[in-house]
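Novice: Got a file for you: my_file.txt, compact mmCIF, C-alpha atoms and all ligand atoms.
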# COMPACT_ATOMS: atom_id res chain seq x y z
CA MET A 3 20.86 8.24 1.40
CA ALA A 4 21.93 4.84 2.61
CA GLU A 5 25.36 3.60 1.64
CA ARG A 6 24.39 0.51 -0.25
CA ALA A 7 21.21 -0.55 -1.90
CA ALA A 8 20.02 -4.11 -2.10
CA THR A 9 17.56 -5.63 -4.48
CA SER A 10 14.70 -7.29 -2.67
CA ARG A 11 12.16 -10.01 -2.93
CA ALA A 12 9.81 -7.14 -3.79
CA GLY A 13 11.88 -6.48 -6.86
CA ALA A 14 12.24 -10.10 -7.70
CA ASP A 15 8.65 -11.20 -7.29
CA ALA A 16 6.55 -8.05 -7.46
CA GLY A 17 5.83 -8.60 -11.13
CA SER A 18 5.48 -11.95 -12.80
CA ARG A 19 8.07 -12.52 -15.46
CA ALA A 20 6.18 -12.90 -18.64
CA SER A 21 7.46 -15.26 -21.27
CA ALA A 22 9.20 -13.71 -24.26
CA ASP A 23 7.45 -16.14 -26.61
CA GLY A 24 6.08 -14.39 -29.62
CA VAL A 25 7.83 -11.15 -28.80
CA HIS A 26 9.98 -9.54 -31.43
CA ARG A 27 13.56 -10.85 -31.34
CA ARG A 28 14.99 -7.31 -31.50
CA ALA A 29 13.27 -6.50 -28.21
CA ALA A 30 14.65 -9.62 -26.55
CA ASP A 31 18.17 -8.79 -27.71
CA ALA A 32 17.88 -5.25 -26.38
CA GLY A 33 16.62 -6.54 -23.02
CA ALA A 34 19.44 -9.03 -22.73
CA ARG A 35 22.03 -6.27 -23.26
CA ALA A 36 20.66 -3.74 -20.79
CA GLU A 37 20.45 -4.28 -17.04
CA ALA A 38 17.04 -5.38 -15.79
CA ILE A 39 14.97 -2.76 -13.98
CA PRO A 40 12.89 -4.23 -11.14
CA LEU A 41 9.48 -2.96 -10.04
CA ALA A 42 10.69 -2.10 -6.57
CA ALA A 43 13.85 -2.16 -4.45
CA PRO A 44 14.38 -1.16 -0.81
CA VAL A 45 17.17 1.16 0.31
CA LEU A 46 19.17 -0.81 2.88
CA GLY A 47 22.58 0.29 4.04
CA ALA A 48 25.10 0.21 6.87
CA ALA A 49 22.67 1.84 9.34
CA GLU A 50 20.19 -1.01 8.85
CA GLU A 51 22.94 -3.62 9.14
CA ARG A 52 24.25 -2.07 12.37
CA ALA A 53 20.79 -1.82 13.90
CA VAL A 54 19.89 -5.44 13.17
CA LEU A 55 23.31 -6.73 14.26
CA GLU A 56 22.99 -4.91 17.57
CA VAL A 57 19.70 -6.68 18.30
CA LEU A 58 21.15 -10.03 17.22
CA ARG A 59 24.06 -9.57 19.60
CA SER A 60 21.78 -8.48 22.45
CA GLY A 61 19.97 -11.82 22.35
CA ARG A 62 16.56 -10.06 22.73
CA LEU A 63 15.05 -10.81 19.39
CA SER A 64 11.42 -10.17 20.36
CA LEU A 65 9.41 -8.42 23.08
CA GLY A 66 12.43 -6.21 23.74
CA PRO A 67 12.99 -2.45 23.88
CA ARG A 68 13.04 -1.72 20.14
CA VAL A 69 9.28 -2.22 19.79
CA ALA A 70 8.21 0.70 22.00
CA GLU A 71 11.03 2.83 20.58
CA PHE A 72 9.88 2.23 16.99
CA GLU A 73 6.25 2.89 17.99
CA ARG A 74 7.15 6.22 19.62
CA GLU A 75 9.27 7.43 16.72
CA PHE A 76 6.75 6.34 14.12
CA ALA A 77 3.88 8.06 15.96
CA THR A 78 5.92 11.26 16.10
CA ARG A 79 6.68 11.02 12.38
CA VAL A 80 3.02 10.86 11.38
CA GLY A 81 1.77 13.21 14.10
CA ALA A 82 -0.27 10.59 15.96
CA PRO A 83 -0.38 10.41 19.77
CA LEU A 84 0.18 6.63 19.84
CA ALA A 85 1.19 3.70 17.66
CA CYS A 86 1.11 -0.09 17.96
CA ALA A 87 3.52 -2.25 15.94
CA VAL A 88 2.15 -5.42 14.35
CA SER A 89 3.43 -8.23 12.14
CA SER A 90 1.88 -6.92 8.89
CA GLY A 91 -0.51 -4.37 7.46
CA THR A 92 -3.09 -7.14 7.17
CA ALA A 93 -2.76 -8.00 10.86
CA GLY A 94 -3.10 -4.29 11.64
CA LEU A 95 -6.31 -3.99 9.62
CA HIS A 96 -7.73 -7.06 11.35
CA LEU A 97 -6.98 -5.73 14.85
CA ALA A 98 -8.14 -2.21 13.96
CA LEU A 99 -11.51 -3.48 12.71
CA ARG A 100 -11.92 -5.54 15.90
CA ALA A 101 -11.05 -2.45 17.94
CA ALA A 102 -13.69 -0.53 15.97
CA GLY A 103 -16.24 -3.09 17.14
CA VAL A 104 -16.75 -4.80 13.78
CA GLY A 105 -18.17 -8.28 14.20
CA GLN A 106 -20.43 -10.95 12.75
CA GLY A 107 -23.15 -9.62 10.45
CA ASP A 108 -21.77 -6.07 10.30
CA GLU A 109 -20.93 -4.27 7.09
CA VAL A 110 -17.77 -2.32 6.34
CA VAL A 111 -17.90 0.15 3.45
CA THR A 112 -14.67 0.16 1.50
CA SER A 113 -13.00 0.48 -1.91
CA PRO A 114 -13.02 -2.25 -4.55
CA PHE A 115 -9.81 -0.74 -5.96
CA SER A 116 -7.30 -1.78 -3.32
CA PHE A 117 -5.02 -4.60 -2.34
CA VAL A 118 -7.28 -7.50 -1.35
CA ALA A 119 -6.26 -7.38 2.32
CA SER A 120 -8.35 -4.28 3.06
CA ALA A 121 -11.58 -6.13 2.22
CA ASN A 122 -10.43 -9.51 3.56
CA ALA A 123 -9.89 -8.02 7.02
CA ALA A 124 -13.66 -7.52 7.43
CA ILE A 125 -14.32 -11.13 6.41
CA TYR A 126 -11.95 -12.39 9.15
CA GLU A 127 -14.54 -11.08 11.62
CA ARG A 128 -17.47 -12.53 9.65
CA ALA A 129 -18.45 -9.04 8.57
CA ARG A 130 -19.20 -8.15 4.96
CA PRO A 131 -17.13 -5.73 2.89
CA VAL A 132 -19.55 -3.49 0.98
CA PHE A 133 -17.98 -1.76 -1.98
CA ALA A 134 -18.70 1.59 -3.58
CA ASP A 135 -17.12 3.05 -6.70
CA ILE A 136 -13.99 5.19 -6.81
CA ASP A 137 -13.19 8.69 -7.96
CA PRO A 138 -11.79 8.52 -11.53
CA LEU A 139 -9.09 11.08 -10.80
CA THR A 140 -7.73 10.17 -7.36
CA LEU A 141 -8.72 6.46 -7.63
CA ASN A 142 -9.79 6.64 -3.97
CA LEU A 143 -13.19 5.58 -2.63
CA ASP A 144 -15.76 8.22 -3.63
CA PRO A 145 -17.30 9.59 -0.40
CA ASP A 146 -20.73 10.19 -2.02
CA ALA A 147 -20.82 6.66 -3.43
CA ALA A 148 -19.76 5.34 -0.01
CA ALA A 149 -22.49 7.35 1.75
CA ALA A 150 -25.06 5.91 -0.66
CA VAL A 151 -24.39 2.31 0.44
CA VAL A 152 -24.41 2.98 4.19
CA GLY A 153 -27.23 0.94 5.71
CA GLU A 154 -28.51 -0.35 9.02
CA ARG A 155 -25.76 -2.95 9.31
CA THR A 156 -22.91 -0.60 8.48
CA LYS A 157 -20.46 -0.42 11.36
CA ALA A 158 -17.41 1.20 9.84
CA LEU A 159 -15.94 3.05 6.86
CA LEU A 160 -12.60 1.77 5.60
CA PRO A 161 -11.18 4.29 3.12
CA VAL A 162 -7.88 3.33 1.46
CA HIS A 163 -5.24 5.95 0.59
CA ILE A 164 -4.55 4.21 -2.69
CA PHE A 165 -1.09 4.54 -4.20
CA GLY A 166 -0.30 6.98 -1.36
CA TYR A 167 -2.87 9.59 -2.41
CA PRO A 168 -4.72 10.92 0.67
CA ALA A 169 -8.39 9.92 0.78
CA GLU A 170 -10.97 12.66 1.27
CA MET A 171 -11.13 12.24 5.02
CA PRO A 172 -13.23 15.32 5.95
CA ALA A 173 -16.03 13.96 3.73
CA PHE A 174 -15.79 10.49 5.30
CA GLU A 175 -15.73 12.06 8.75
CA ARG A 176 -19.03 13.82 7.97
CA VAL A 177 -20.62 10.55 6.78
CA ALA A 178 -19.33 8.73 9.88
CA ALA A 179 -20.64 11.43 12.21
CA ARG A 180 -24.07 11.43 10.51
CA HIS A 181 -24.50 7.65 10.89
CA GLY A 182 -22.47 6.97 14.05
CA LEU A 183 -19.81 4.90 12.24
CA ALA A 184 -16.23 4.08 13.11
CA ILE A 185 -13.42 4.92 10.68
CA VAL A 186 -10.43 2.69 10.02
CA GLU A 187 -7.96 4.07 7.47
CA ASP A 188 -5.95 1.76 5.26
CA ALA A 189 -2.75 3.78 5.07
CA CYS A 190 -0.60 0.80 4.07
CA GLU A 191 0.55 2.62 0.92
CA ALA A 192 0.54 6.16 2.28
CA LEU A 193 3.45 6.87 4.60
CA GLY A 194 4.52 10.46 3.99
CA ALA A 195 1.15 11.62 2.60
CA VAL A 196 -0.40 14.85 3.85
CA HIS A 197 -4.04 15.96 3.76
CA ALA A 198 -5.15 19.31 2.31
CA ASP A 199 -5.63 20.66 5.85
CA GLY A 200 -1.97 19.90 6.65
CA VAL A 201 -2.67 16.86 8.85
CA ARG A 202 -0.42 13.94 7.96
CA VAL A 203 -2.04 10.64 6.97
CA GLY A 204 -2.27 8.62 10.17
CA GLY A 205 -2.56 11.71 12.34
CA ARG A 206 -6.33 12.33 12.29
CA GLY A 207 -7.09 10.33 15.43
CA HIS A 208 -8.80 7.42 13.69
CA LEU A 209 -7.28 3.97 13.70
CA ALA A 210 -4.94 4.06 10.69
CA VAL A 211 -2.89 1.12 9.47
CA PHE A 212 0.50 1.24 7.72
CA GLY A 213 2.37 -1.62 6.02
CA PHE A 214 6.11 -2.26 5.84
CA TYR A 215 6.50 -4.94 3.18
CA ALA A 216 9.71 -4.62 1.18
CA ASN A 217 8.25 -2.44 -1.59
CA LYS A 218 6.86 0.18 0.82
CA GLN A 219 8.22 3.66 1.59
CA LEU A 220 9.70 2.18 4.79
CA THR A 221 10.34 -1.53 5.20
CA THR A 222 10.85 -3.97 8.04
CA GLY A 223 10.72 -6.94 5.63
CA GLU A 224 7.20 -7.73 6.78
CA GLY A 225 5.45 -5.55 9.34
CA GLY A 226 2.84 -2.94 10.07
CA MET A 227 1.78 -0.18 12.45
CA ILE A 228 -1.56 1.05 13.77
CA THR A 229 -1.67 4.71 14.74
CA LEU A 230 -4.35 5.96 17.13
CA ASP A 231 -5.13 8.44 19.85
CA ASP A 232 -6.53 6.41 22.72
CA ALA A 233 -4.40 4.72 25.42
CA ASP A 234 -7.04 2.13 26.41
CA THR A 235 -7.40 1.02 22.80
CA LYS A 236 -3.63 0.75 22.51
CA ALA A 237 -3.52 -1.49 25.61
CA HIS A 238 -6.24 -3.65 24.06
CA LEU A 239 -4.38 -3.88 20.74
CA GLU A 240 -1.16 -4.80 22.57
CA SER A 241 -2.92 -7.63 24.34
CA GLU A 242 -4.62 -8.93 21.19
CA ARG A 243 -1.40 -8.89 19.16
CA ASN A 244 0.22 -10.91 21.96
CA GLN A 245 -2.15 -13.89 22.38
CA GLY A 246 -4.55 -11.99 24.64
CA ARG A 247 -2.05 -11.66 27.45
CA ALA A 248 -2.24 -9.10 30.22
CA PRO A 249 0.29 -6.26 30.01
CA ASP A 250 2.37 -7.79 32.83
CA MET A 251 2.94 -10.81 30.54
CA ASP A 252 1.33 -13.24 32.98
CA TRP A 253 1.81 -16.58 31.24
CA LEU A 254 -0.83 -18.36 33.28
CA ASP A 255 -3.88 -16.44 32.21
CA HIS A 256 -5.05 -15.17 28.84
CA ASP A 257 -8.13 -13.13 29.57
CA ARG A 258 -9.25 -12.63 25.96
CA LEU A 259 -8.84 -14.17 22.52
CA GLY A 260 -5.61 -13.05 20.97
CA PHE A 261 -3.31 -13.60 18.02
CA ASN A 262 0.40 -13.69 17.41
CA TYR A 263 0.62 -10.42 15.50
CA ARG A 264 3.82 -9.23 17.22
CA LEU A 265 6.58 -7.44 15.34
CA SER A 266 10.06 -8.65 16.36
CA ASP A 267 12.81 -6.45 17.77
CA LEU A 268 14.87 -7.29 14.70
CA ALA A 269 12.14 -5.84 12.49
CA CYS A 270 11.63 -2.81 14.74
CA ALA A 271 15.38 -2.09 14.72
CA LEU A 272 15.27 -2.18 10.92
CA GLY A 273 12.28 0.17 11.01
CA LEU A 274 14.08 2.62 13.29
CA ALA A 275 17.08 2.68 10.94
CA GLN A 276 14.72 3.27 8.00
CA LEU A 277 13.01 6.13 9.87
CA GLY A 278 16.46 7.70 10.21
CA HIS A 279 16.53 8.39 6.45
CA LEU A 280 12.83 8.31 5.61
CA GLU A 281 12.76 11.96 4.50
CA GLU A 282 15.54 11.34 1.96
CA MET A 283 13.81 8.21 0.66
CA LEU A 284 10.47 10.02 0.32
CA ALA A 285 12.13 12.96 -1.44
CA ALA A 286 13.92 10.58 -3.80
CA ARG A 287 10.62 8.86 -4.66
CA ARG A 288 9.06 12.25 -5.34
CA GLY A 289 11.98 13.10 -7.63
CA VAL A 290 11.56 9.86 -9.60
CA ALA A 291 7.82 10.59 -9.96
CA GLU A 292 8.59 14.06 -11.32
CA ARG A 293 11.05 12.63 -13.84
CA TYR A 294 8.49 10.07 -14.95
CA ARG A 295 5.89 12.80 -15.38
CA GLU A 296 8.19 14.70 -17.73
CA ALA A 297 9.34 11.63 -19.62
CA LEU A 298 5.84 10.22 -20.15
CA SER A 299 3.83 13.39 -20.68
CA GLU A 300 4.05 13.23 -24.47
CA ILE A 301 2.79 9.68 -24.87
CA GLU A 302 -0.63 9.99 -26.43
CA GLY A 303 -3.54 8.45 -24.55
CA LEU A 304 -1.45 7.53 -21.50
CA GLU A 305 -2.95 8.73 -18.19
CA LEU A 306 -0.52 9.63 -15.41
CA PRO A 307 -1.16 9.58 -11.63
CA CYS A 308 -3.12 12.66 -10.56
CA PRO A 309 -0.98 15.53 -9.26
CA ASP A 310 -1.19 16.76 -5.67
CA GLY A 311 -4.40 18.64 -4.95
CA ALA A 312 -4.93 22.22 -3.89
CA GLY A 313 -3.58 23.41 -0.55
CA GLY A 314 -1.06 21.31 1.31
CA GLN A 315 -2.27 17.98 -0.05
CA ARG A 316 0.63 15.67 -0.90
CA ARG A 317 0.89 12.12 -2.10
CA GLY A 318 3.27 9.81 -0.22
CA TRP A 319 4.77 8.27 -3.34
CA PHE A 320 4.53 4.47 -3.24
CA VAL A 321 4.15 3.22 -6.82
CA PHE A 322 4.00 4.87 -10.23
CA VAL A 323 0.86 3.52 -11.89
CA VAL A 324 -0.20 4.69 -15.33
CA GLN A 325 -3.40 3.90 -17.19
CA LEU A 326 -2.91 2.65 -20.69
CA PRO A 327 -5.10 3.92 -23.54
CA SER A 328 -8.44 2.09 -23.86
CA GLY A 329 -8.30 -0.95 -26.11
CA CYS A 330 -4.56 -1.40 -25.69
CA ASP A 331 -3.24 -4.95 -25.23
CA ARG A 332 -1.91 -4.60 -21.67
CA ASP A 333 -0.60 -8.17 -21.43
CA GLY A 334 1.28 -7.60 -24.67
CA VAL A 335 2.82 -4.41 -23.26
CA VAL A 336 3.89 -6.28 -20.11
CA ARG A 337 5.48 -9.00 -22.27
CA GLU A 338 7.24 -6.46 -24.49
CA LEU A 339 8.62 -4.61 -21.48
CA ALA A 340 9.73 -7.87 -19.83
CA ALA A 341 11.57 -8.84 -23.01
CA ARG A 342 13.42 -5.53 -22.76
CA GLY A 343 14.37 -6.18 -19.12
CA ILE A 344 11.70 -3.98 -17.55
CA GLN A 345 9.31 -5.31 -14.94
CA SER A 346 5.76 -4.01 -14.94
CA LYS A 347 2.55 -5.28 -13.41
CA PRO A 348 -1.19 -4.83 -13.93
CA TYR A 349 -2.01 -3.05 -10.68
CA LEU A 350 -4.50 -3.42 -9.09
CA PRO A 351 -7.20 -5.92 -10.08
CA ALA A 352 -10.74 -5.07 -8.91
CA ILE A 353 -11.40 -6.93 -5.66
CA HIS A 354 -15.08 -7.61 -6.31
CA LEU A 355 -14.22 -9.45 -9.55
CA MET A 356 -11.77 -11.85 -7.90
CA SER A 357 -13.10 -15.40 -7.97
CA PHE A 358 -13.41 -15.71 -4.18
CA TYR A 359 -15.47 -12.49 -4.02
CA ARG A 360 -17.64 -13.45 -6.98
CA GLU A 361 -18.41 -16.82 -5.45
CA ARG A 362 -18.88 -15.65 -1.88
CA PHE A 363 -20.85 -12.45 -2.54
CA GLY A 364 -22.20 -12.87 -6.08
CA HIS A 365 -20.35 -9.89 -7.53
CA ARG A 366 -20.26 -9.43 -11.30
CA GLU A 367 -18.94 -7.08 -13.99
CA GLY A 368 -20.57 -3.69 -14.31
CA GLU A 369 -21.16 -3.02 -10.60
CA PHE A 370 -18.40 -0.45 -10.21
CA PRO A 371 -17.65 0.86 -13.70
CA VAL A 372 -15.00 3.40 -12.76
CA CYS A 373 -13.04 0.87 -10.74
CA GLU A 374 -13.38 -1.77 -13.45
CA ASP A 375 -12.19 0.56 -16.19
CA VAL A 376 -9.19 1.69 -14.13
CA ALA A 377 -8.34 -1.87 -13.06
CA ALA A 378 -8.42 -3.04 -16.69
CA ARG A 379 -5.97 -0.35 -17.85
CA SER A 380 -3.59 0.30 -14.95
CA LEU A 381 0.04 -0.69 -15.10
CA ALA A 382 2.71 -0.22 -12.41
CA LEU A 383 6.11 0.79 -13.76
CA PRO A 384 9.45 0.31 -11.97
CA PHE A 385 9.58 2.77 -9.06
CA PHE A 386 12.08 2.98 -6.22
CA PRO A 387 14.13 5.74 -4.57
CA GLN A 388 17.47 4.95 -6.22
CA MET A 389 16.03 4.88 -9.73
CA ASN A 390 18.20 7.17 -11.83
CA GLU A 391 17.39 9.46 -14.73
CA GLY A 392 18.73 7.00 -17.28
CA GLN A 393 16.50 4.23 -15.98
CA VAL A 394 13.41 6.46 -16.05
CA ALA A 395 14.25 7.50 -19.61
CA ARG A 396 14.73 3.87 -20.63
CA VAL A 397 11.38 2.83 -19.17
CA ALA A 398 9.69 5.74 -20.97
CA GLN A 399 11.34 4.89 -24.28
CA GLU A 400 10.52 1.18 -24.04
CA LEU A 401 6.95 1.87 -22.95
CA ARG A 402 6.46 4.15 -25.94
CA ALA A 403 7.82 1.43 -28.25
CA ALA A 404 5.71 -1.27 -26.59
CA LEU A 405 2.57 0.86 -26.90
CA GLN A 406 3.26 1.53 -30.56
CA GLY A 407 3.76 -2.22 -31.10
CA SER A 408 0.52 -3.00 -29.27
CA SER A 409 -1.58 -0.48 -31.19
CA ALA A 410 -0.03 -1.65 -34.48
CA GLY A 411 -0.90 -5.23 -33.43
CA SER A 412 -4.50 -4.37 -32.54
CA ALA A 413 -5.11 -2.16 -35.63
C1 LIG A 501 -3.68 -0.96 0.38
C2 LIG A 501 -3.07 -2.10 1.12
N1 LIG A 501 -3.73 -2.64 2.16
C3 LIG A 501 -3.22 -3.66 2.87
C4 LIG A 501 -1.99 -4.20 2.58
C5 LIG A 501 -1.49 -5.36 3.37
O1 LIG A 501 -0.26 -5.14 3.98
P1 LIG A 501 0.71 -6.36 4.31
O2 LIG A 501 1.22 -6.92 3.02
O3 LIG A 501 1.79 -5.73 5.14
O4 LIG A 501 -0.07 -7.36 5.09
C6 LIG A 501 -1.26 -3.67 1.52
C7 LIG A 501 0.06 -4.24 1.17
O5 LIG A 501 0.54 -4.28 0.11
C8 LIG A 501 -1.80 -2.61 0.76
O6 LIG A 501 -1.15 -2.11 -0.30
Any chance you could give the structure as structure tokens?
Ligand SMILES: Cc1ncc(COP(=O)(O)O)c(C=O)c1O

Specialist:
Amino acid sequence: MAERAATSRAGADAGSRASADGVHRRAADAGARAEAIPLAAPVLGAAEERAVLEVLRSGRLSLGPRVAEFEREFATRVGAPLACAVSSGTAGLHLALRAAGVGQGDEVVTSPFSFVASANAAIYERARPVFADIDPLTLNLDPDAAAAVVGERTKALLPVHIFGYPAEMPAFERVAARHGLAIVEDACEALGAVHADGVRVGGRGHLAVFGFYANKQLTTGEGGMITLDDADTKAHLESERNQGRAPDMDWLDHDRLGFNYRLSDLACALGLAQLGHLEEMLAARRGVAERYREALSEIEGLELPCPDGAGGQRRGWFVFVVQLPSGCDRDGVVRELAARGIQSKPYLPAIHLMSFYRERFGHREGEFPVCEDVAARSLALPFFPQMNEGQVARVAQELRAALQGSSAGSA
């Protein structure tokens, strides 16, 4: 494990600090005494500092050697032939959908229970995200529901490995083969996840996109990676992330439309250092999840993240999201926890019910009942590799108290 941990922007801003107004004074006093527990915190130590300092001293802050090195090592880690580093997961999704041929008037079938970027990426290309409901257990896009909304305009499927749980890729692969569709995987939350057939997420040969924001399993501050299996597509992605330039970096001609979606050498050096202890960080996350499972199992009505499936299927632990009992005052629970120094966050809101999506596409309540029920009840608890047993126990104890308070309040 890295020598020194730092608290990040992810920890500081990942959950809004609710006001303690109206919350019992005893809770506020308890919170003031105990150390605050953030939602997330990266593990950054001397290896990261050395790696970044070396790049700083080299003077090659971008377009240098660390980019290809990080791409090679990342591809090896997920079992993909190739990888292309980009400035964010969102940028990666945008380029991957372009590479899949998605354009104006096309439809992309995806999950309404995701971070908004997965659906937004289709809109960047004037395509339409078409949602289908999710599986109530895994919270991933339901392949049968997805198949049911495939139509003449559908160009691609965009399953999301939500909260690091591997999506049912063989089923999506069958749907894609039947209708001649491309697949782009949103693996932004799923580094370290493994499918039931033993293939690691990102290693199936489709375009798969990872994200490296500070709360992720591996961070470069901001950043992302597209994994893939085709060298021509990689050359195309490299050009598009770099303003449409030719590989020889000819400054005089840009032969296609491009973007600045490059990832700097500083960020790639950080990523390489993080890869150096990724296994320990993933194992530590898994350990925290197991402790949570024990500590929370007795709380009545609380639903915990689904366990790994049969065979070799494994979640790449990203967040620990529970579903509160129906009818519980979730905002009240968030406020109670905040007053006791514990960050938590409703996670995630349903994309189709966001105001932009309602206005643009006419979505309304009741379209995707499973997603809407889950989105109304889900709550992310503090979760990071260095979280110790005492902190897990404290979160469990305070959550139990907050839930009792909320049910007493609503009775
Ligand atoms: C499922 C999912 N998709 C896409 C993204 C976007 O990644 P980024 O923030 O790196 O642009 C995220 C990031 O949180 C995510 O969780």

Novice: Taking only residues of chain A that have an atom at most 8 Å from an atom of ligand LIG 501 (chain A), what is each one's shortest atom pair and its distance in Å to one decimal, using all atoms listed in the file, in chain and number order, as CSV?

Specialist:
residue,atom,partner,partner_atom,distance
A:Ser89,CA,A:LIG501,O3,7.6
A:Ser90,CA,A:LIG501,O3,3.9
A:Gly91,CA,A:LIG501,O3,3.5
A:Thr92,CA,A:LIG501,O4,3.7
A:Ala93,CA,A:LIG501,O4,6.4
A:Gly94,CA,A:LIG501,O4,7.8
A:Leu95,CA,A:LIG501,C3,7.4
A:Ser116,CA,A:LIG501,C1,5.2
A:Phe117,CA,A:LIG501,C2,4.7
A:Val118,CA,A:LIG501,N1,7.0
A:Ala119,CA,A:LIG501,C3,4.8
A:Ser120,CA,A:LIG501,N1,5.0
A:Val162,CA,A:LIG501,C1,6.1
A:His163,CA,A:LIG501,C1,7.1
A:Ile164,CA,A:LIG501,C1,6.1
A:Phe165,CA,A:LIG501,C1,7.6
A:Asp188,CA,A:LIG501,N1,5.8
A:Ala189,CA,A:LIG501,C1,6.7
A:Cys190,CA,A:LIG501,C2,4.8
A:Glu191,CA,A:LIG501,O6,5.2
A:Phe212,CA,A:LIG501,O1,7.4
A:Gly213,CA,A:LIG501,O3,4.2
A:Phe214,CA,A:LIG501,O3,5.6
A:Tyr215,CA,A:LIG501,O3,5.2
A:Lys218,CA,A:LIG501,O5,7.8
A:Glu224,CA,A:LIG501,O3,6.0
A:Gly225,CA,A:LIG501,O3,5.6
A:Gly226,CA,A:LIG501,O3,5.8

Novice: Tell me which of A:Arg316, A:Arg293, A:Arg337, A:Arg247 sits closest to A:Glu400, counting all atoms listed in the file.

Specialist: A:Arg337

Novice: Nearest to A:Val45: which of A:His256, A:Arg68, A:His181, A:His279 is it, counting only C-alpha atoms?

Specialist: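 Checking each of A:His256, A:Arg68, A:His181, A:His279 against A:Val45, counting only C-alpha atoms, the winner is A:His279.
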
Novice: Using only C-alpha atoms, which residue out of A:Asp146, A:Glu50, A:Glu367, A:Asp135 lies closest to A:Phe115?

Specialist: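 Of A:Asp146, A:Glu50, A:Glu367, A:Asp135, the one nearest A:Phe115, counting only C-alpha atoms, is A:Asp135.
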
Novice: Taking into account only C-alpha atoms, which residue in the set A:Leu55, A:Leu268, A:Leu277, A:Ala124 is nearest to A:Ala77?

Specialist: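 Selected residue with least distance to A:Ala77: A:Leu277.
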
Novice: Kindly indicate which residue among A:Leu284, A:Leu265, A:Val323, A:Val335 lies nearest to A:Pro44, using only C-alpha atoms for the distances.

Specialist: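 Of the candidates, the smallest distance to A:Pro44 is held by A:Leu284.
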
Novice: So which residues touch A:Ala195 within 8 Å, counting all atoms listed in the file, skipping near sequence neighbours fewer than 3 positions away, as a list in words?

Specialist: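 Close residues of A:Ala195: Gly166, Tyr167, Pro168, Ala192, Arg202, Val203, Gln315, Arg316, Arg317, Gly318 and Trp319 of chain A.
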
Novice: Ranking A:Arg243, A:Arg59, A:Arg379, A:Arg130 by minimum distance to A:Glu109 and counting all atoms listed in the file, which one comes first?

Specialist: A:Arg130

Novice: Within 9 Å of A:Cys330, counting only C-alpha atoms, which residues show up once you throw out same-chain ones fewer than 2 positions away? Write them as an MDAnalysis selection string, please.

Specialist: chainID A and resid 326:328 332:335 379 405 408:409 412

Novice: If we count all atoms listed in the file and set the cut-off at 10 Å, which residues sit around A:Pro138, ignoring sequence neighbours fewer than 6 positions away in its own chain? Please answer as a short mmCIF file (atom, residue, chain, number, x, y, z; two decimals) with C-alpha atoms, in the frame of the given file.

Specialist:
data_model
loop_
_atom_site.label_atom_id
_atom_site.label_comp_id
_atom_site.auth_asym_id
_atom_site.auth_seq_id
_atom_site.Cartn_x
_atom_site.Cartn_y
_atom_site.Cartn_z
CA ASP A 144 -15.76 8.22 -3.63
CA CYS A 308 -3.12 12.66 -10.56
CA PRO A 371 -17.65 0.86 -13.70
CA VAL A 372 -15.00 3.40 -12.76
CA CYS A 373 -13.04 0.87 -10.74
CA ASP A 375 -12.19 0.56 -16.19
CA VAL A 376 -9.19 1.69 -14.13
#

Novice: Considering only C-alpha atoms, return as a list in words whatever protein or nucleic-acid residues lie within 6 Å of A:Met227, sequence-local ones (same chain, fewer than 5 positions apart) excluded.

Specialist: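 Result of the neighbour search: Cys86, Ala87, Val88, Val211 and Phe212 of chain A.
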